[in-house]
file coords_18.cif (mmCIF, C-alpha atoms)
data_model
loop_
_atom_site.label_atom_id
_atom_site.label_comp_id
_atom_site.auth_asym_id
_atom_site.auth_seq_id
_atom_site.Cartn_x
_atom_site.Cartn_y
_atom_site.Cartn_z
CA MET A 1 -84.55 9.26 -50.28
CA LYS A 2 -84.76 12.62 -52.08
CA PHE A 3 -88.48 12.23 -52.81
CA GLU A 4 -91.15 10.55 -50.69
CA LYS A 5 -92.81 9.53 -53.94
CA HIS A 6 -91.21 9.60 -57.35
CA ILE A 7 -93.56 9.06 -60.26
CA PHE A 8 -92.23 8.14 -63.69
CA ILE A 9 -94.68 8.47 -66.56
CA CYS A 10 -93.88 6.95 -69.94
CA THR A 11 -93.79 9.50 -72.74
CA ASN A 12 -92.13 7.20 -75.24
CA GLU A 13 -93.24 7.67 -78.85
CA ARG A 14 -92.63 4.61 -80.96
CA ASN A 15 -94.01 5.93 -84.23
CA ASP A 16 -95.15 2.49 -85.30
CA PRO A 17 -98.53 2.56 -87.08
CA ASN A 18 -99.25 -0.96 -85.83
CA ARG A 19 -98.55 -0.29 -82.21
CA ARG A 20 -99.47 2.73 -80.13
CA SER A 21 -97.09 3.97 -77.49
CA CYS A 22 -97.74 5.70 -74.17
CA GLY A 23 -96.39 9.02 -75.42
CA GLU A 24 -98.77 9.05 -78.35
CA ALA A 25 -101.67 8.26 -76.02
CA CYS A 26 -101.49 10.91 -73.34
CA GLY A 27 -98.11 10.53 -71.64
CA MET A 28 -97.09 14.17 -71.70
CA GLU A 29 -100.55 15.38 -70.70
CA LEU A 30 -100.34 13.05 -67.70
CA VAL A 31 -96.96 14.46 -66.71
CA LYS A 32 -98.36 17.98 -66.80
CA ALA A 33 -101.47 17.01 -64.85
CA PHE A 34 -99.47 15.25 -62.12
CA LYS A 35 -97.01 18.14 -61.87
CA LYS A 36 -99.88 20.59 -61.51
CA ALA A 37 -101.64 18.42 -58.92
CA LEU A 38 -98.48 18.08 -56.81
CA ASN A 39 -97.84 21.79 -57.09
CA ASP A 40 -101.41 22.70 -56.17
CA LYS A 41 -101.16 20.56 -53.05
CA GLY A 42 -97.85 22.07 -51.96
CA LEU A 43 -95.98 18.81 -52.54
CA LYS A 44 -93.32 20.16 -54.90
CA GLY A 45 -89.92 19.17 -53.49
CA LYS A 46 -91.41 16.31 -51.45
CA MET A 47 -92.79 14.37 -54.40
CA ARG A 48 -91.91 14.44 -58.08
CA ALA A 49 -93.77 13.45 -61.23
CA GLN A 50 -91.77 13.36 -64.43
CA ARG A 51 -91.45 11.92 -67.86
CA SER A 52 -89.48 8.79 -68.60
CA GLY A 53 -88.66 6.56 -71.52
CA CYS A 54 -90.34 3.21 -72.11
CA LEU A 55 -91.23 1.49 -68.82
CA ASP A 56 -91.49 -1.95 -70.46
CA ALA A 57 -95.24 -2.06 -69.98
CA CYS A 58 -96.41 -1.01 -73.45
CA ASP A 59 -99.31 -3.43 -73.58
CA PHE A 60 -100.87 -1.72 -70.57
CA GLY A 61 -100.26 1.90 -71.56
CA PRO A 62 -100.48 4.70 -70.81
CA SER A 63 -98.14 3.41 -68.10
CA MET A 64 -96.52 4.91 -65.04
CA VAL A 65 -94.69 3.64 -61.98
CA VAL A 66 -94.60 5.02 -58.45
CA TYR A 67 -91.43 4.52 -56.40
CA PRO A 68 -90.26 3.56 -53.80
CA GLU A 69 -93.16 1.07 -53.89
CA GLY A 70 -92.59 0.10 -57.52
CA ILE A 71 -96.32 0.02 -58.23
CA TYR A 72 -97.18 0.16 -61.93
CA TYR A 73 -100.42 1.70 -63.13
CA GLY A 74 -101.78 1.09 -66.61
CA GLY A 75 -104.46 2.57 -68.81
CA VAL A 76 -104.12 5.78 -66.84
CA GLN A 77 -106.33 8.62 -67.97
CA LEU A 78 -106.31 12.29 -67.05
CA SER A 79 -109.46 11.65 -65.04
CA ASP A 80 -107.48 9.24 -62.80
CA VAL A 81 -104.86 11.75 -61.69
CA ASP A 82 -106.72 13.18 -58.68
CA GLU A 83 -107.53 9.73 -57.35
CA ILE A 84 -103.92 8.54 -57.62
CA VAL A 85 -102.67 11.70 -55.91
CA ASN A 86 -105.25 11.72 -53.13
CA GLU A 87 -105.38 8.01 -52.45
CA HIS A 88 -101.93 6.66 -53.23
CA LEU A 89 -99.51 9.54 -52.97
CA LEU A 90 -101.07 11.29 -50.01
CA ASN A 91 -102.58 8.35 -48.14
CA ASN A 92 -100.57 5.32 -49.24
CA ARG A 93 -103.66 3.57 -50.54
CA PRO A 94 -102.75 2.33 -54.03
CA VAL A 95 -105.56 2.53 -56.58
CA GLU A 96 -106.20 -1.18 -57.07
CA ARG A 97 -108.34 -0.90 -60.18
CA LEU A 98 -105.43 0.67 -62.10
CA ILE A 99 -102.58 -1.53 -60.89
CA THR A 100 -100.96 -3.39 -63.77
CA ASP A 101 -101.32 -7.16 -63.68
CA PHE A 102 -98.24 -8.33 -65.53
CA SER A 103 -99.47 -11.91 -65.59
CA LYS A 104 -102.07 -10.94 -68.19
CA VAL A 105 -100.12 -10.42 -71.40
CA ARG A 106 -96.64 -10.39 -72.74
CA ASN A 107 -94.81 -7.08 -72.55
CA SER A 108 -92.91 -5.56 -75.38
CA GLU A 109 -89.77 -3.56 -75.21
CA GLU A 110 -89.41 -0.20 -76.94
CA MET B 1 -92.10 -5.04 -57.73
CA LYS B 2 -91.59 -5.67 -61.45
CA PHE B 3 -87.84 -5.01 -61.28
CA GLU B 4 -85.43 -5.77 -58.45
CA LYS B 5 -83.55 -2.66 -59.47
CA HIS B 6 -84.87 0.06 -61.75
CA ILE B 7 -82.31 2.60 -62.86
CA PHE B 8 -83.38 5.92 -64.33
CA ILE B 9 -80.70 7.90 -66.13
CA CYS B 10 -81.29 11.52 -67.03
CA THR B 11 -81.03 12.20 -70.75
CA ASN B 12 -82.58 15.64 -70.59
CA GLU B 13 -81.15 18.17 -73.04
CA ARG B 14 -81.70 21.72 -71.93
CA ASN B 15 -79.98 23.46 -74.86
CA ASP B 16 -78.91 26.37 -72.67
CA PRO B 17 -75.39 27.59 -73.52
CA ASN B 18 -74.91 28.70 -69.91
CA ARG B 19 -75.88 25.45 -68.33
CA ARG B 20 -75.02 21.93 -69.38
CA SER B 21 -77.57 19.19 -68.96
CA CYS B 22 -77.12 15.51 -68.28
CA GLY B 23 -78.24 14.53 -71.77
CA GLU B 24 -75.61 16.72 -73.38
CA ALA B 25 -72.96 15.24 -71.10
CA CYS B 26 -73.25 11.50 -71.59
CA GLY B 27 -76.76 10.51 -70.52
CA MET B 28 -77.63 8.40 -73.53
CA GLU B 29 -74.22 6.73 -73.60
CA LEU B 30 -74.77 5.78 -69.95
CA VAL B 31 -78.17 4.27 -70.75
CA LYS B 32 -76.62 2.15 -73.48
CA ALA B 33 -73.72 1.08 -71.26
CA PHE B 34 -76.02 0.07 -68.39
CA LYS B 35 -78.38 -1.79 -70.74
CA LYS B 36 -75.44 -3.68 -72.21
CA ALA B 37 -73.98 -4.48 -68.77
CA LEU B 38 -77.32 -5.82 -67.49
CA ASN B 39 -77.78 -7.83 -70.66
CA ASP B 40 -74.27 -9.25 -70.51
CA LYS B 41 -74.86 -10.41 -66.96
CA GLY B 42 -78.19 -12.06 -67.78
CA LEU B 43 -80.14 -9.55 -65.69
CA LYS B 44 -82.52 -8.40 -68.42
CA GLY B 45 -86.05 -8.78 -67.06
CA LYS B 46 -84.85 -8.70 -63.45
CA MET B 47 -83.33 -5.24 -63.59
CA ARG B 48 -83.90 -2.35 -65.95
CA ALA B 49 -81.84 0.68 -66.91
CA GLN B 50 -83.57 3.35 -68.94
CA ARG B 51 -83.67 6.98 -69.89
CA SER B 52 -85.69 9.54 -68.02
CA GLY B 53 -86.37 13.25 -68.10
CA CYS B 54 -84.78 15.69 -65.66
CA LEU B 55 -84.22 14.09 -62.24
CA ASP B 56 -83.98 17.47 -60.49
CA ALA B 57 -80.29 17.00 -59.81
CA CYS B 58 -78.79 19.05 -62.64
CA ASP B 59 -75.98 20.53 -60.57
CA PHE B 60 -74.62 17.05 -59.96
CA GLY B 61 -74.99 15.64 -63.46
CA PRO B 62 -74.71 13.34 -65.21
CA SER B 63 -77.33 12.07 -62.77
CA MET B 64 -79.13 8.80 -62.23
CA VAL B 65 -81.25 7.23 -59.52
CA VAL B 66 -81.59 3.60 -58.48
CA TYR B 67 -84.94 2.39 -57.12
CA PRO B 68 -86.35 1.00 -54.89
CA GLU B 69 -83.57 2.45 -52.71
CA GLY B 70 -83.86 5.93 -54.20
CA ILE B 71 -80.09 6.40 -54.25
CA TYR B 72 -78.93 9.20 -56.53
CA TYR B 73 -75.55 9.09 -58.20
CA GLY B 74 -73.91 12.17 -59.68
CA GLY B 75 -71.01 12.88 -61.99
CA VAL B 76 -71.39 9.38 -63.35
CA GLN B 77 -68.98 8.45 -66.12
CA LEU B 78 -68.92 5.48 -68.45
CA SER B 79 -65.97 4.16 -66.47
CA ASP B 80 -68.23 3.94 -63.38
CA VAL B 81 -70.82 1.63 -64.91
CA ASP B 82 -69.17 -1.68 -64.07
CA GLU B 83 -68.60 -0.66 -60.44
CA ILE B 84 -72.24 0.41 -59.98
CA VAL B 85 -73.48 -2.81 -61.56
CA ASN B 86 -71.14 -5.13 -59.68
CA GLU B 87 -71.23 -3.41 -56.31
CA HIS B 88 -74.66 -1.84 -56.00
CA LEU B 89 -76.96 -3.72 -58.35
CA LEU B 90 -75.58 -7.18 -57.80
CA ASN B 91 -74.36 -6.92 -54.21
CA ASN B 92 -76.39 -4.12 -52.65
CA ARG B 93 -73.27 -2.16 -51.78
CA PRO B 94 -73.94 1.41 -53.01
CA VAL B 95 -70.92 3.20 -54.47
CA GLU B 96 -70.40 5.80 -51.76
CA ARG B 97 -68.01 8.02 -53.71
CA LEU B 98 -70.68 8.69 -56.35
CA ILE B 99 -73.71 9.20 -54.10
CA THR B 100 -75.16 12.68 -54.53
CA ASP B 101 -74.95 14.88 -51.46
CA PHE B 102 -77.91 17.19 -51.90
CA SER B 103 -76.82 19.37 -49.00
CA LYS B 104 -73.95 20.74 -51.11
CA VAL B 105 -75.59 23.08 -53.62
CA ARG B 106 -78.96 24.23 -54.77
CA ASN B 107 -80.66 22.15 -57.41
CA SER B 108 -82.23 23.52 -60.49
CA GLU B 109 -85.31 22.31 -62.23
CA GLU B 110 -85.42 21.74 -65.96
#

call {"tool": "encode", "arguments": {"input": "coords_18.cif", "output": "structure tokens"}}
result
Amino acid sequence: MKFEKHIFICTNERNDPNRRSCGEACGMELVKAFKKALNDKGLKGKMRAQRSGCLDACDFGPSMVVYPEGIYYGGVQLSDVDEIVNEHLLNNRPVERLITDFSKVRNSEE
Amino acid sequence: MKFEKHIFICTNERNDPNRRSCGEACGMELVKAFKKALNDKGLKGKMRAQRSGCLDACDFGPSMVVYPEGIYYGGVQLSDVDEIVNEHLLNNRPVERLITDFSKVRNSEE
């Protein structure tokens, strides 16, 4: 395992006026905030946060997934970054209130 | 775990004449080939192949990573897709000859 935690954050931009996408919300800002947080904590090289295409969780966006656990978070805001880093990434305590419940609505593909 | 296997394929384009990037090699073609292979085998919904930004394995590109195992493959060609799908994804036998050996050279960040 190259990274203890590998975080993929959707930055997909759909450009559909009827349907927002994670990238249009705050995907890229989230990538930057996670990268900075990992860097500030000396975790660069051990953990990685990066952009990805559509994670197939558009209805819950802005979406991200943390591997190797495969835990999806939805509706993530910049104000959630510190909690995810401190609780989940550093202490393996996933942030329950943000975990995506896929039973709730139908997902849509990019 | 939303997906039994989640495959992230680097499609990053660096646009540096001195340094090729996975996206300029065949990243997007690989995404399409994996998506088609998963679809053809009725695995859509169970497994997902998608594009991602730089996977921090540029020196080994075209690069991809399969989660939850966190196995990186490098130098992946379109002709390798069927073997990865049939051996690794369907039968949990990683394709040893393509696994990235990170001890070999220094990686470079996007």

call {"tool": "resolve_selection", "arguments": {"input": "coords_18.cif", "expression": "the PyMOL selection byres ((chain B) within 7 of (chain A))", "output": "PyMOL selection string"}}
result
chain B and resi 1+50-53+67-71

call {"tool": "resolve_selection", "arguments": {"input": "coords_18.cif", "expression": "the PyMOL selection byres ((chain B and resi 99) around 9)", "output": "ChimeraX atom specification"}}
result
/B:71-74,94-98,100-101

call {"tool": "closest_residue", "arguments": {"input": "coords_18.cif", "among": "A:Asn15, A:Ala37, A:Ile7, A:Gly23", "to": "Val81 in chain A", "atoms": "only C-alpha atoms"}}
result
A:Ala37

call {"tool": "atom_distance", "arguments": {"input": "coords_18.cif", "atom1": "CA of Glu24 in chain A", "atom2": "CA of Met28 in chain B"}}
result
21.7 Å

call {"tool": "atom_distance", "arguments": {"input": "coords_18.cif", "atom1": "CA of Val76 in chain A", "atom2": "CA of Gly61 in chain A"}}
result
7.2 Å

call {"tool": "atom_distance", "arguments": {"input": "coords_18.cif", "atom1": "CA of Asp59 in chain A", "atom2": "CA of Arg14 in chain A"}}
result
12.8 Å

call {"tool": "closest_residue", "arguments": {"input": "coords_18.cif", "among": "A:Leu78, A:Val85, A:Met64, A:Leu38", "to": "Cys22 in chain A", "atoms": "all atoms listed in the file"}}
result
A:Met64

call {"tool": "axis_aligned_box", "arguments": {"input": "coords_18.cif", "around": "range 67-83 of chain B", "padding_each_side": "6 Å", "output": "AutoDock Vina command-line options"}}
result
--center_x -76.2 --center_y 5.6 --center_z -60.6 --size_x 32.4 --size_y 26.6 --size_z 27.7

call {"tool": "build_atoms", "arguments": {"input": "coords_18.cif", "residues": "range 47-62 of chain A", "atoms": "N, CA, C and O atoms", "output": "mmCIF file, keeping the file's coordinate frame"}}
result
data_model
loop_
_atom_site.group_PDB
_atom_site.id
_atom_site.type_symbol
_atom_site.label_atom_id
_atom_site.label_comp_id
_atom_site.auth_asym_id
_atom_site.auth_seq_id
_atom_site.Cartn_x
_atom_site.Cartn_y
_atom_site.Cartn_z
ATOM 1 N N MET A 47 -92.452 15.417 -53.426
ATOM 2 C CA MET A 47 -92.790 14.370 -54.400
ATOM 3 C C MET A 47 -92.499 14.917 -55.790
ATOM 4 O O MET A 47 -92.531 16.122 -56.008
ATOM 5 N N ARG A 48 -92.224 14.001 -56.712
ATOM 6 C CA ARG A 48 -91.910 14.440 -58.080
ATOM 7 C C ARG A 48 -92.591 13.538 -59.097
ATOM 8 O O ARG A 48 -92.537 12.312 -58.988
ATOM 9 N N ALA A 49 -93.225 14.175 -60.074
ATOM 10 C CA ALA A 49 -93.770 13.450 -61.230
ATOM 11 C C ALA A 49 -92.981 13.916 -62.440
ATOM 12 O O ALA A 49 -92.748 15.116 -62.613
ATOM 13 N N GLN A 50 -92.589 12.972 -63.284
ATOM 14 C CA GLN A 50 -91.770 13.360 -64.430
ATOM 15 C C GLN A 50 -91.894 12.365 -65.556
ATOM 16 O O GLN A 50 -92.390 11.264 -65.374
ATOM 17 N N ARG A 51 -91.412 12.778 -66.702
ATOM 18 C CA ARG A 51 -91.450 11.920 -67.860
ATOM 19 C C ARG A 51 -90.314 10.896 -67.810
ATOM 20 O O ARG A 51 -89.278 11.127 -67.187
ATOM 21 N N SER A 52 -90.538 9.782 -68.473
ATOM 22 C CA SER A 52 -89.480 8.790 -68.600
ATOM 23 C C SER A 52 -89.592 8.148 -69.968
ATOM 24 O O SER A 52 -90.576 8.344 -70.682
ATOM 25 N N GLY A 53 -88.583 7.372 -70.320
ATOM 26 C CA GLY A 53 -88.660 6.560 -71.520
ATOM 27 C C GLY A 53 -89.543 5.354 -71.241
ATOM 28 O O GLY A 53 -90.221 5.264 -70.210
ATOM 29 N N CYS A 54 -89.512 4.418 -72.177
ATOM 30 C CA CYS A 54 -90.340 3.210 -72.110
ATOM 31 C C CYS A 54 -90.152 2.468 -70.790
ATOM 32 O O CYS A 54 -89.029 2.174 -70.388
ATOM 33 N N LEU A 55 -91.263 2.169 -70.120
ATOM 34 C CA LEU A 55 -91.230 1.490 -68.820
ATOM 35 C C LEU A 55 -91.402 -0.023 -68.968
ATOM 36 O O LEU A 55 -91.582 -0.718 -67.970
ATOM 37 N N ASP A 56 -91.364 -0.516 -70.192
ATOM 38 C CA ASP A 56 -91.490 -1.950 -70.460
ATOM 39 C C ASP A 56 -92.874 -2.457 -70.036
ATOM 40 O O ASP A 56 -92.993 -3.521 -69.434
ATOM 41 N N ALA A 57 -93.875 -1.656 -70.307
ATOM 42 C CA ALA A 57 -95.240 -2.060 -69.980
ATOM 43 C C ALA A 57 -96.181 -1.525 -71.053
ATOM 44 O O ALA A 57 -97.306 -1.094 -70.786
ATOM 45 N N CYS A 58 -95.702 -1.617 -72.310
ATOM 46 C CA CYS A 58 -96.410 -1.010 -73.450
ATOM 47 C C CYS A 58 -97.832 -1.540 -73.597
ATOM 48 O O CYS A 58 -98.742 -0.789 -73.946
ATOM 49 N N ASP A 59 -98.000 -2.831 -73.361
ATOM 50 C CA ASP A 59 -99.310 -3.430 -73.580
ATOM 51 C C ASP A 59 -100.377 -2.889 -72.634
ATOM 52 O O ASP A 59 -101.565 -3.123 -72.831
ATOM 53 N N PHE A 60 -99.935 -2.214 -71.590
ATOM 54 C CA PHE A 60 -100.870 -1.720 -70.570
ATOM 55 C C PHE A 60 -100.987 -0.201 -70.592
ATOM 56 O O PHE A 60 -101.567 0.387 -69.703
ATOM 57 N N GLY A 61 -100.373 0.444 -71.557
ATOM 58 C CA GLY A 61 -100.260 1.900 -71.560
ATOM 59 C C GLY A 61 -101.581 2.622 -71.668
ATOM 60 O O GLY A 61 -102.576 2.017 -72.079
ATOM 61 N N PRO A 62 -101.601 3.909 -71.329
ATOM 62 C CA PRO A 62 -100.480 4.700 -70.810
ATOM 63 C C PRO A 62 -100.031 4.207 -69.434
ATOM 64 O O PRO A 62 -100.851 4.010 -68.542
#
